[in-house]
$ cat coords15.txt   # compact mmCIF, C-alpha atoms
# COMPACT_ATOMS: atom_id res chain seq x y z
CA MET A 1 -96.76 33.40 93.15
CA LYS A 2 -95.73 36.83 94.37
CA THR A 3 -94.66 37.18 97.99
CA PHE A 4 -96.19 39.84 100.20
CA THR A 5 -92.87 41.73 100.05
CA GLN A 6 -93.08 41.80 96.26
CA ARG A 7 -96.72 42.90 96.32
CA LEU A 8 -95.96 45.64 98.84
CA THR A 9 -93.00 46.80 96.73
CA LEU A 10 -95.18 46.94 93.60
CA ARG A 11 -97.92 48.83 95.41
CA PHE A 12 -95.46 51.34 96.87
CA ALA A 13 -93.80 51.90 93.48
CA ALA A 14 -97.21 52.20 91.78
CA LEU A 15 -98.40 54.69 94.41
CA VAL A 16 -95.29 56.86 94.15
CA THR A 17 -95.21 56.69 90.34
CA GLY A 18 -98.95 57.34 90.03
CA THR A 19 -98.74 60.32 92.37
CA THR A 20 -95.77 61.71 90.44
CA VAL A 21 -97.54 61.29 87.09
CA ALA A 22 -100.67 62.95 88.47
CA VAL A 23 -98.66 65.90 89.83
CA LEU A 24 -96.74 66.28 86.54
CA ALA A 25 -99.97 66.09 84.53
CA ALA A 26 -101.56 68.71 86.74
CA GLY A 27 -98.43 70.82 86.38
CA GLY A 28 -98.62 70.55 82.58
CA TRP A 29 -102.28 71.55 82.59
CA LEU A 30 -101.56 74.52 84.87
CA LEU A 31 -98.58 75.52 82.71
CA ASP A 32 -100.76 75.47 79.59
CA ARG A 33 -103.45 77.53 81.32
CA GLN A 34 -100.91 79.99 82.66
CA MET A 35 -99.30 80.48 79.23
CA GLN A 36 -102.71 81.11 77.70
CA ARG A 37 -103.52 83.60 80.44
CA SER A 38 -100.18 85.28 79.84
CA LEU A 39 -101.03 85.61 76.14
CA GLU A 40 -104.37 87.19 77.06
CA LEU A 41 -102.60 89.71 79.30
CA LEU A 42 -100.04 90.48 76.59
CA HIS A 43 -102.81 91.00 74.05
CA GLU A 44 -104.59 93.40 76.41
CA GLY A 45 -101.35 95.34 76.86
CA GLU A 46 -100.75 95.43 73.11
CA PHE A 47 -104.30 96.68 72.53
CA ARG A 48 -103.76 99.53 74.98
CA GLU A 49 -100.61 100.48 73.04
CA LEU A 50 -102.51 100.43 69.75
CA ARG A 51 -105.36 102.45 71.21
CA GLY A 52 -102.82 105.14 71.99
CA LEU A 53 -101.86 105.26 68.32
CA ILE A 54 -105.37 105.54 66.86
CA ASP A 55 -108.60 107.11 68.00
CA THR A 56 -110.95 104.17 68.03
CA HIS A 57 -113.97 106.47 68.13
CA ARG A 58 -113.10 107.99 64.76
CA ALA A 59 -114.53 106.17 61.78
CA ASP A 60 -113.03 108.40 59.07
CA TYR A 61 -109.50 106.95 59.00
CA SER A 62 -108.39 106.02 55.53
CA ARG A 63 -106.64 102.68 55.05
CA ASP A 64 -103.33 104.41 54.36
CA GLU A 65 -103.52 106.60 57.45
CA LEU A 66 -104.52 103.63 59.62
CA ALA A 67 -101.62 101.62 58.21
CA ARG A 68 -99.21 104.51 58.80
CA ARG A 69 -100.23 104.81 62.45
CA ILE A 70 -100.05 101.07 63.20
CA SER A 71 -97.29 99.79 60.89
CA ARG A 72 -94.29 100.86 62.96
CA ARG A 73 -95.76 99.24 66.06
CA ALA A 74 -96.67 96.12 64.10
CA GLU A 75 -93.20 95.88 62.56
CA ASN A 76 -91.52 96.15 65.97
CA ASP A 77 -93.70 93.32 67.38
CA ALA A 78 -93.86 91.22 64.20
CA ASP A 79 -92.31 88.21 65.94
CA LEU A 80 -94.87 88.32 68.74
CA TYR A 81 -98.16 89.49 67.27
CA PHE A 82 -100.35 89.41 64.18
CA ILE A 83 -102.61 92.48 64.03
CA GLN A 84 -105.83 92.97 62.10
CA VAL A 85 -108.42 95.78 62.26
CA HIS A 86 -111.91 95.52 60.76
CA THR A 87 -115.17 97.37 61.05
CA GLU A 88 -118.34 96.23 62.75
CA GLN A 89 -119.55 95.08 59.35
CA GLY A 90 -116.45 92.84 58.96
CA ALA A 91 -114.59 94.94 56.38
CA VAL A 92 -110.85 94.52 56.96
CA LEU A 93 -109.07 97.89 57.10
CA TYR A 94 -105.62 96.73 58.17
CA ARG A 95 -103.60 93.50 58.32
CA SER A 96 -100.04 93.32 59.59
CA PRO A 97 -97.55 92.27 56.87
CA ASN A 98 -96.54 89.10 58.77
CA LEU A 99 -100.04 87.68 58.16
CA GLY A 100 -99.25 87.26 54.48
CA SER A 101 -102.43 86.24 52.68
CA ASN A 102 -104.14 85.03 55.86
CA VAL A 103 -107.21 86.77 57.23
CA LEU A 104 -108.04 86.39 60.90
CA PRO A 105 -111.59 85.10 61.50
CA ASP A 106 -114.16 87.48 62.94
CA LEU A 107 -114.79 86.51 66.59
CA SER A 108 -117.66 88.88 67.23
CA GLY A 109 -120.08 86.04 67.88
CA ARG A 110 -117.60 83.47 69.22
CA GLY A 111 -116.50 84.76 72.60
CA LEU A 112 -113.74 87.16 71.44
CA ARG A 113 -110.94 84.62 72.12
CA GLY A 114 -109.96 81.34 70.51
CA THR A 115 -107.32 79.13 68.92
CA PHE A 116 -107.22 78.71 65.16
CA GLU A 117 -105.00 77.13 62.53
CA LEU A 118 -103.62 79.49 59.86
CA PRO A 119 -102.01 78.22 56.64
CA ALA A 120 -98.21 78.57 56.57
CA ILE A 121 -98.29 79.94 60.13
CA GLY A 122 -99.79 77.16 62.22
CA PRO A 123 -101.84 77.44 65.40
CA VAL A 124 -102.43 80.96 66.75
CA PHE A 125 -104.30 82.34 69.73
CA ILE A 126 -106.55 85.30 68.82
CA SER A 127 -108.00 87.99 71.07
CA GLU A 128 -110.54 90.48 69.69
CA PHE A 129 -111.22 93.85 71.30
CA HIS A 130 -114.23 96.05 70.51
CA ASP A 131 -113.80 99.76 71.12
CA GLY A 132 -115.84 102.37 69.33
CA ALA A 133 -116.09 101.79 65.59
CA TRP A 134 -113.12 99.44 65.38
CA HIS A 135 -112.62 95.74 66.06
CA VAL A 136 -108.96 95.18 66.82
CA GLN A 137 -107.66 91.59 66.60
CA ILE A 138 -104.33 90.55 68.07
CA ALA A 139 -102.98 87.03 67.53
CA SER A 140 -99.86 85.25 68.74
CA PRO A 141 -98.26 82.07 67.36
CA LEU A 142 -98.65 79.03 69.62
CA ALA A 143 -95.62 77.15 68.26
CA PRO A 144 -93.30 78.30 71.10
CA GLN A 145 -95.94 77.32 73.68
CA ARG A 146 -96.43 73.93 72.02
CA ARG A 147 -92.66 73.33 71.96
CA LEU A 148 -92.45 74.21 75.63
CA LEU A 149 -95.27 71.79 76.46
CA SER A 150 -93.65 69.07 74.35
CA ASP A 151 -90.36 69.54 76.18
CA TYR A 152 -92.25 69.48 79.47
CA ILE A 153 -93.90 66.17 78.53
CA LYS A 154 -90.56 64.62 77.57
CA VAL A 155 -88.91 65.74 80.79
CA SER A 156 -91.96 64.56 82.78
CA ALA A 157 -91.80 61.13 81.13
CA LEU A 158 -88.12 60.80 82.05
CA LEU A 159 -88.89 61.94 85.59
CA ALA A 160 -91.75 59.41 85.84
CA LEU A 161 -89.45 56.58 84.70
CA GLY A 162 -86.80 57.67 87.18
CA VAL A 163 -89.35 57.90 89.98
CA ALA A 164 -90.70 54.44 89.04
CA ALA A 165 -87.21 52.90 89.25
CA LEU A 166 -86.50 54.72 92.48
CA GLY A 167 -89.94 53.70 93.76
CA PHE A 168 -89.08 50.02 93.30
CA VAL A 169 -85.83 50.43 95.22
CA LEU A 170 -87.39 52.47 98.02
CA GLY A 171 -90.48 50.23 98.02
CA TYR A 172 -88.36 47.12 98.50
CA ALA A 173 -86.40 48.77 101.30
CA PHE A 174 -89.64 50.04 102.84
CA SER A 175 -91.30 46.61 102.66
CA ARG A 176 -88.26 44.91 104.18
CA VAL A 177 -88.18 47.34 107.09
CA THR A 178 -91.96 47.29 107.53
CA LEU A 179 -92.25 43.50 107.43
CA ARG A 180 -89.25 42.86 109.69
CA PRO A 181 -91.49 42.32 112.76
CA VAL A 182 -93.71 39.99 110.71
CA ARG A 183 -90.69 37.94 109.65
CA ALA A 184 -89.59 37.74 113.27
CA ILE A 185 -93.05 36.48 114.20
CA ALA A 186 -92.97 33.90 111.38
CA THR A 187 -89.47 32.70 112.34
CA THR A 188 -90.43 32.27 115.98
CA ALA A 189 -93.74 30.62 115.12
CA ASN A 190 -91.90 28.19 112.82
CA ARG A 191 -89.66 27.16 115.72
CA ILE A 192 -92.66 26.30 117.90
CA ARG A 193 -93.17 22.58 117.44
CA SER A 194 -94.57 19.77 119.52
CA ASP A 195 -91.21 19.44 121.28
CA LYS A 196 -90.75 23.21 121.75
CA LEU A 197 -94.18 24.45 122.74
CA SER A 198 -92.91 26.74 125.48
CA GLU A 199 -91.27 29.23 123.10
CA ARG A 200 -93.21 32.45 122.50
CA ILE A 201 -93.09 35.38 120.11
CA PRO A 202 -91.37 38.41 121.64
CA VAL A 203 -93.71 41.38 122.07
CA GLY A 204 -92.20 44.83 121.58
CA ALA A 205 -92.80 47.86 123.75
CA ASP A 206 -94.91 49.55 121.07
CA ASP A 207 -98.63 49.07 121.54
CA ASP A 208 -99.44 48.75 117.85
CA GLU A 209 -101.19 46.26 115.57
CA LEU A 210 -98.14 43.98 115.31
CA ALA A 211 -97.80 43.81 119.09
CA ALA A 212 -101.50 42.94 119.31
CA LEU A 213 -100.97 40.21 116.69
CA ALA A 214 -97.99 38.80 118.60
CA ARG A 215 -100.01 38.72 121.83
CA LEU A 216 -102.91 37.03 120.03
CA LEU A 217 -100.60 34.37 118.57
CA ASN A 218 -98.99 33.80 121.97
CA GLN A 219 -102.44 33.25 123.47
CA MET A 220 -103.17 30.75 120.70
CA PHE A 221 -99.88 28.95 121.39
CA ASP A 222 -100.79 28.84 125.09
CA ARG A 223 -104.02 27.07 124.19
CA LEU A 224 -102.20 24.72 121.81
CA GLN A 225 -99.63 23.88 124.48
CA ALA A 226 -102.41 23.13 126.96
CA SER A 227 -104.12 20.90 124.37
CA PHE A 228 -100.89 19.05 123.55
CA GLU A 229 -100.18 18.52 127.23
CA GLN A 230 -103.67 17.13 127.73
CA VAL A 231 -103.14 14.71 124.85
CA ARG A 232 -99.78 13.68 126.25
CA ARG A 233 -101.30 13.10 129.66
CA PHE A 234 -104.06 11.08 128.04
CA THR A 235 -101.61 8.91 126.12
CA ALA A 236 -99.59 8.38 129.29
CA ASP A 237 -102.63 7.48 131.40
CA ALA A 238 -104.74 5.66 128.83
CA SER A 239 -102.55 2.54 128.86
CA HIS A 240 -103.21 2.08 132.58
CA GLU A 241 -106.78 3.40 132.66
CA ILE A 242 -108.00 1.39 129.66
CA LYS A 243 -105.73 -1.60 129.18
CA THR A 244 -105.51 -2.62 132.84
CA PRO A 245 -109.29 -3.14 133.22
CA LEU A 246 -109.29 -5.05 129.94
CA ALA A 247 -106.50 -7.30 131.22
CA LEU A 248 -108.48 -7.96 134.41
CA ILE A 249 -111.61 -8.75 132.38
CA ARG A 250 -109.62 -11.18 130.25
CA LEU A 251 -108.07 -12.90 133.26
CA ASN A 252 -111.44 -13.34 134.95
CA ALA A 253 -112.99 -14.58 131.70
CA GLU A 254 -110.23 -17.15 131.24
CA LYS A 255 -110.94 -18.48 134.72
CA LEU A 256 -114.36 -19.47 133.46
CA ARG A 257 -112.96 -21.80 130.80
CA ALA A 258 -112.67 -24.73 133.18
CA ARG A 259 -116.17 -24.23 134.52
CA LEU A 260 -117.70 -23.94 131.05
CA ALA A 261 -115.77 -26.83 129.51
CA ALA A 262 -118.82 -29.06 129.74
CA ASP A 263 -121.15 -26.39 128.36
CA PRO A 264 -120.49 -26.03 124.58
CA GLU A 265 -122.80 -23.02 124.21
CA GLY A 266 -121.31 -21.22 127.21
CA HIS A 267 -117.78 -22.08 126.09
CA ALA A 268 -118.45 -20.67 122.62
CA ALA A 269 -119.85 -17.47 124.13
CA LEU A 270 -116.75 -17.17 126.36
CA GLU A 271 -114.43 -17.54 123.37
CA GLU A 272 -116.32 -14.77 121.57
CA ILE A 273 -115.91 -12.54 124.64
CA LEU A 274 -112.15 -13.22 124.74
CA GLU A 275 -111.86 -12.54 121.00
CA GLU A 276 -113.69 -9.23 121.37
CA ILE A 277 -111.44 -8.30 124.31
CA GLU A 278 -108.43 -8.97 122.09
CA GLN A 279 -109.95 -6.85 119.33
CA LEU A 280 -110.56 -4.05 121.82
CA ASN A 281 -106.95 -4.28 122.99
CA GLN A 282 -105.77 -3.94 119.38
CA VAL A 283 -108.01 -0.94 118.76
CA THR A 284 -106.77 0.68 121.98
CA ASP A 285 -103.13 0.11 121.00
CA ARG A 286 -103.68 1.57 117.55
CA LEU A 287 -105.59 4.59 118.81
CA LEU A 288 -102.87 5.28 121.37
CA PHE A 289 -100.28 4.99 118.61
CA LEU A 290 -102.16 7.49 116.44
CA ALA A 291 -102.71 9.85 119.39
CA LYS A 292 -99.00 9.82 120.24
CA SER A 293 -98.02 10.28 116.61
CA GLU A 294 -100.35 13.20 115.95
CA SER A 295 -99.59 14.96 119.24
CA GLY A 296 -95.84 14.78 118.67
CA ALA A 297 -95.30 12.59 121.70
CA LEU A 298 -93.98 9.74 119.56
CA HIS A 299 -90.41 10.20 118.36
CA PRO A 300 -89.05 7.56 115.99
CA ALA A 301 -85.62 6.16 116.83
CA LEU A 302 -84.02 7.00 113.51
CA ARG A 303 -80.83 5.25 112.52
CA SER A 304 -79.12 4.09 109.36
CA VAL A 305 -81.08 1.18 107.89
CA ALA A 306 -80.34 -0.97 104.84
CA PRO A 307 -83.77 -1.75 103.30
CA ALA A 308 -82.41 -4.87 101.60
CA LEU A 309 -81.35 -6.37 104.95
CA LEU A 310 -84.64 -5.39 106.56
CA LEU A 311 -86.80 -6.91 103.82
CA ALA A 312 -85.02 -10.29 103.63
CA PRO A 313 -86.48 -11.64 106.92
CA PHE A 314 -89.66 -9.62 106.42
CA ALA A 315 -90.33 -11.41 103.11
CA GLU A 316 -90.35 -14.79 104.87
CA ASP A 317 -93.04 -13.62 107.32
CA ALA A 318 -95.01 -12.02 104.48
CA GLN A 319 -94.94 -15.29 102.50
CA VAL A 320 -96.34 -17.19 105.50
CA LEU A 321 -99.07 -14.55 105.92
CA ALA A 322 -99.97 -14.72 102.21
CA ALA A 323 -99.90 -18.52 102.07
CA ASP A 324 -102.36 -18.69 104.97
CA ARG A 325 -104.83 -16.78 102.78
CA GLY A 326 -104.04 -18.71 99.60
CA VAL A 327 -102.17 -15.74 98.07
CA ARG A 328 -98.66 -15.56 96.63
CA PHE A 329 -96.06 -13.01 97.79
CA ALA A 330 -92.85 -11.95 96.08
CA LEU A 331 -90.16 -9.30 96.35
CA ALA A 332 -90.30 -7.45 93.03
CA ALA A 333 -87.21 -5.38 93.80
CA ASN A 334 -84.88 -5.16 96.78
CA GLU A 335 -82.05 -2.83 95.83
CA ALA A 336 -79.10 -2.00 98.03
CA GLY A 337 -78.94 1.35 99.76
CA GLU A 338 -79.36 3.13 103.08
CA ILE A 339 -82.03 5.31 104.65
CA ARG A 340 -82.56 6.80 108.08
CA ALA A 341 -85.57 5.13 109.65
CA ASP A 342 -86.96 3.43 112.72
CA PRO A 343 -86.72 -0.29 111.81
CA GLY A 344 -89.61 -1.30 114.06
CA LEU A 345 -91.98 1.37 112.73
CA LEU A 346 -90.92 0.70 109.14
CA ARG A 347 -91.61 -3.03 109.57
CA GLN A 348 -95.02 -2.20 111.06
CA LEU A 349 -95.84 0.06 108.09
CA LEU A 350 -94.89 -2.61 105.52
CA LEU A 351 -96.66 -5.37 107.45
CA ASN A 352 -99.90 -3.35 107.53
CA LEU A 353 -99.68 -2.69 103.79
CA VAL A 354 -98.94 -6.32 102.89
CA ALA A 355 -101.67 -7.62 105.22
CA ASN A 356 -104.16 -5.23 103.64
CA ALA A 357 -103.08 -6.28 100.12
CA VAL A 358 -103.33 -9.97 100.99
CA ALA A 359 -106.81 -9.49 102.45
CA VAL A 360 -108.22 -7.98 99.24
CA SER A 361 -106.42 -10.26 96.77
CA PRO A 362 -108.23 -13.26 95.22
CA ALA A 363 -107.09 -16.81 95.86
CA GLY A 364 -103.92 -17.45 93.88
CA GLY A 365 -103.36 -13.71 93.42
CA LEU A 366 -99.93 -12.13 93.64
CA VAL A 367 -98.81 -9.43 96.09
CA THR A 368 -95.43 -7.83 95.36
CA LEU A 369 -93.23 -5.58 97.44
CA GLY A 370 -90.58 -3.40 95.84
CA SER A 371 -87.80 -1.37 97.45
CA ALA A 372 -85.64 0.96 95.35
CA PRO A 373 -84.42 4.57 95.11
CA GLY A 374 -87.32 6.88 94.19
CA PRO A 375 -87.85 10.47 93.06
CA ALA A 376 -88.22 11.70 96.67
CA GLY A 377 -85.48 9.53 98.21
CA TRP A 378 -86.43 5.89 98.73
CA ARG A 379 -89.65 4.24 97.56
CA PHE A 380 -91.46 1.15 98.81
CA GLU A 381 -94.26 -0.19 96.62
CA VAL A 382 -96.89 -2.77 97.53
CA ILE A 383 -98.94 -4.00 94.54
CA ASP A 384 -101.91 -6.35 94.73
CA GLU A 385 -104.36 -7.95 92.30
CA GLY A 386 -107.51 -6.99 94.15
CA PRO A 387 -110.50 -5.13 92.71
CA GLY A 388 -109.03 -1.67 93.26
CA LEU A 389 -110.99 1.38 94.40
CA VAL A 390 -112.89 4.24 92.82
CA PRO A 391 -111.17 7.68 92.91
CA ALA A 392 -113.34 8.96 95.77
CA GLN A 393 -112.31 5.95 97.88
CA LEU A 394 -108.61 6.42 97.07
CA GLU A 395 -108.74 9.88 98.68
CA ARG A 396 -110.22 8.54 101.93
CA MET A 397 -108.55 5.16 102.38
CA PHE A 398 -105.89 6.52 104.79
CA GLU A 399 -108.42 8.09 107.14
CA ARG A 400 -109.34 6.59 110.51
CA PHE A 401 -112.10 3.97 110.67
CA VAL A 402 -112.52 3.96 106.88
CA ARG A 403 -112.99 0.50 105.38
CA PHE A 404 -114.03 -0.49 101.86
CA GLU A 405 -115.32 -3.98 101.14
CA PRO A 406 -113.85 -5.60 98.00
CA THR A 407 -116.27 -5.71 95.08
CA GLY A 408 -116.64 -8.12 92.21
CA GLY A 409 -116.25 -11.26 94.29
CA THR A 410 -112.47 -11.47 93.75
CA GLY A 411 -111.48 -11.33 97.38
CA GLU A 412 -112.74 -11.77 100.90
CA ALA A 413 -112.87 -8.88 103.32
CA ARG A 414 -110.32 -8.96 106.12
CA SER A 415 -111.63 -8.18 109.57
CA GLY A 416 -110.31 -4.89 110.91
CA HIS A 417 -111.22 -1.51 112.26
CA GLY A 418 -109.98 0.84 109.53
CA LEU A 419 -106.93 1.97 111.52
CA GLY A 420 -104.08 0.09 109.80
CA LEU A 421 -103.70 2.43 106.82
CA ALA A 422 -104.11 5.48 109.05
CA ILE A 423 -101.16 4.15 111.09
CA CYS A 424 -99.20 3.65 107.85
CA ARG A 425 -99.71 7.32 106.96
CA SER A 426 -98.66 8.43 110.46
CA ILE A 427 -95.48 6.33 110.30
CA ALA A 428 -94.61 7.73 106.86
CA GLU A 429 -95.13 11.29 108.09
CA LEU A 430 -93.08 10.62 111.24
CA HIS A 431 -90.19 9.82 108.90
CA GLY A 432 -90.80 13.00 106.86
CA GLY A 433 -92.23 10.99 103.99
CA SER A 434 -95.56 10.45 102.27
CA ILE A 435 -97.88 7.66 101.16
CA ARG A 436 -100.26 7.49 98.23
CA ALA A 437 -102.43 4.92 96.46
CA GLU A 438 -103.49 4.51 92.84
CA ASN A 439 -105.22 1.93 90.73
CA ARG A 440 -103.06 -0.23 88.50
CA SER A 441 -103.14 0.62 84.82
CA ASP A 442 -102.36 -2.90 83.51
CA ARG A 443 -105.09 -4.77 85.40
CA SER A 444 -107.27 -4.53 88.49
CA GLY A 445 -105.46 -3.90 91.75
CA LEU A 446 -103.85 -1.18 93.84
CA ARG A 447 -100.35 0.24 93.91
CA ILE A 448 -99.45 1.87 97.24
CA SER A 449 -96.25 3.91 97.22
CA VAL A 450 -94.36 5.04 100.31
CA ASP A 451 -91.68 7.70 99.72
CA LEU A 452 -89.16 8.28 102.51
CA PRO A 453 -86.25 10.74 102.49
CA ARG A 454 -82.82 9.09 102.27
$ encode --input "coords15.txt" --output "structure tokens"
Amino acid sequence: MKTFTQRLTLRFAALVTGTTVAVLAAGGWLLDRQMQRSLELLHEGEFRELRGLIDTHRADYSRDELARRISRRAENDADLYFIQVHTEQGAVLYRSPNLGSNVLPDLSGRGLRGTFELPAIGPVFISEFHDGAWHVQIASPLAPQRRLLSDYIKVSALLALGVAALGFVLGYAFSRVTLRPVRAIATTANRIRSDKLSERIPVGADDDELAALARLLNQMFDRLQASFEQVRRFTADASHEIKTPLALIRLNAEKLRARLAADPEGHAALEEILEEIEQLNQVTDRLLFLAKSESGALHPALRSVAPALLLAPFAEDAQVLAADRGVRFALAANEAGEIRADPGLLRQLLLNLVANAVAVSPAGGLVTLGSAPGPAGWRFEVIDEGPGLVPAQLERMFERFVRFEPTGGTGEARSGHGLGLAICRSIAELHGGSIRAENRSDRSGLRISVDLPR
């Protein structure tokens, strides 16, 4: 892909080269026209000289007398002109010796001027003059003119190549100088992140299009900063404004347990209320986590972590979780190494993935977790034996509130709100990594890969 600097350089070089070629072509055309006009003027001058040697109104000149009057003039100008005189009826009375056996064509009905090809001579330009009883034809060889034009074309081609090379150099320098303010804008804009929203693009004193663009971008960054600050304020206040009332509701509901102990129906309804309050608390916590992550308010505490040491105790918890659902769990690989990560967030990511895999796996199915160096740094892989997903579902499974029920009767749906995998993606991105899912090729099931930089 060509950068804008490269495209601008190519356009500048093409413009300069095209203009140069057009000017040189126009110059060649004008040179050709001017040389032809010069030949016409020379022929007119030569005709006036010849008219001084013969009386064009006399028709009684013999061939010998006509040749005697013209020959000396024709011999002196033999390198420049071919001369031929004929009557109105076309009878040739005189031909200059340098014509050899060639006879100039009669131009009486052709416009009195033209270019013709003569054997052993080549192209000639002929002018015919009518005066009295005589038709005087004067021709000049075009070989010198053609050689001059050929040399002009060669020199023009060399000049065009030189201008093209120079155009690339000047175009690159021009594009670099022209795009310097744009690069400054891009550099500054790249520095503006969620933790540096107060920085702005400097606006020059010139009131031009680039200054207008910088002001427009600064206004956009002002709006973004205001939006980020609103999100941060929301995440700071939401815990108190949402979770505190829920805690009070739960406390008051729990006070009713003793009063409803003798009422089985009321007690069951109370337990459902408490369970829904707990579910609402979990949804609130997860939404707050996602809001903090996406607004840049959540900063992982990165430190050196040995995945092998992290996964050893995690595997015990995962085995208990799997056994409760009648599913097997195993560490497929747990290689030694180090990465920079937040241990708490990394454990949460892996726990969400394993819990999701266990939920969709059939009874007796196997869920494996692998940890090893990968192509992008370090890779964690969670593989299940569930039904898998269609391609359209694979693209959406990491979105918020997206849930897909297992098909084929191989597993039982796990209760949830479709936020666990969205949190997994946010945690991976907080670490500068990525997450992706694909169907297994050997059997039904999913393979979810998490790539983190080392």
$ residues_near_point --input "coords15.txt" --point "(-89.2, 43.1, 98.7)" --cutoff "12 Å" --atoms "all atoms listed in the file" --output "VMD selection string"
chain A and resid 2 to 13 167 to 180
$ residues_around --input "coords15.txt" --residues "Glu338 of chain A" --least-positions-apart "5" --cutoff "9 Å" --atoms "only C-alpha atoms" --output "VMD selection string"
chain A and resid 304 to 308 378 454
$ closest_residue --input "coords15.txt" --among "A:Ile138, A:Ile383, A:Leu99, A:Ala189" --to "Gly365 of chain A" --atoms "only C-alpha atoms"
A:Ile383
$ atom_distance --input "coords15.txt" --atom1 "atom CA of Ala22 of chain A" --atom2 "atom CA of Phe116 of chain A"
28.9 Å
$ closest_residue --input "coords15.txt" --among "A:Leu210, A:Leu446, A:Leu197, A:Leu298" --to "Arg223 of chain A" --atoms "all atoms listed in the file"
A:Leu197
$ atom_distance --input "coords15.txt" --atom1 "atom CA of Ala357 of chain A" --atom2 "atom CA of Gly432 of chain A"
23.8 Å
$ residues_around --input "coords15.txt" --residues "Ile435 of chain A" --least-positions-apart "4" --cutoff "10 Å" --atoms "all atoms listed in the file" --output "list in words"
Arg379, Phe380, Glu381, Phe398, Leu421, Cys424, Arg425, Ser426, Ile427, Ala428, Glu429, Ile448, Ser449, Val450, Asp451 and Leu452 of chain A
$ residues_around --input "coords15.txt" --residues "Trp134 of chain A" --least-positions-apart "4" --cutoff "7 Å" --atoms "all atoms listed in the file" --output "list in words"
Thr56, Val85, His86, Thr87, Glu88 and His130 of chain A
$ residues_around --input "coords15.txt" --residues "Leu430 of chain A" --least-positions-apart "5" --cutoff "8 Å" --atoms "only C-alpha atoms" --output "list in words"
Ser293, His299 and Pro300 of chain A
$ closest_atom_pairs --input "coords15.txt" --of "segment 76-102 of chain A" --to "segment 139-154 of chain A" --cutoff "8 Å" --atoms "only C-alpha atoms" --output "tab-separated table"
residue	atom	partner	partner_atom	distance
A:Leu80	CA	A:Ser140	CA	5.9
A:Tyr81	CA	A:Ser140	CA	4.8
A:Phe82	CA	A:Ala139	CA	4.9
A:Ile83	CA	A:Ala139	CA	6.5
$ closest_residue --input "coords15.txt" --among "A:Leu161, A:Leu216, A:Val23, A:Ile185" --to "Ile201 of chain A" --atoms "all atoms listed in the file"
A:Ile185
$ residues_around --input "coords15.txt" --residues "Phe329 of chain A" --least-positions-apart "5" --cutoff "6 Å" --atoms "all atoms listed in the file" --output "list in words"
Gln319, Leu366, Val367 and Thr368 of chain A
$ atom_distance --input "coords15.txt" --atom1 "atom CA of Met397 of chain A" --atom2 "atom CA of Asn439 of chain A"
12.5 Å
$ closest_residue --input "coords15.txt" --among "A:Thr284, A:Thr20, A:Gln279, A:Asn76" --to "Glu241 of chain A" --atoms "only C-alpha atoms"
A:Thr284
$ residues_near_point --input "coords15.txt" --point "(-107.6, -11.7, 128.8)" --cutoff "12 Å" --atoms "all atoms listed in the file" --output "list in words"
Lys243, Thr244, Pro245, Leu246, Ala247, Leu248, Ile249, Arg250, Leu251, Asn252, Ala253, Glu254, Lys255, Leu256, Arg257, Leu270, Glu271, Glu272, Ile273, Leu274, Glu275, Glu276, Ile277, Glu278, Gln279, Leu280 and Asn281 of chain A
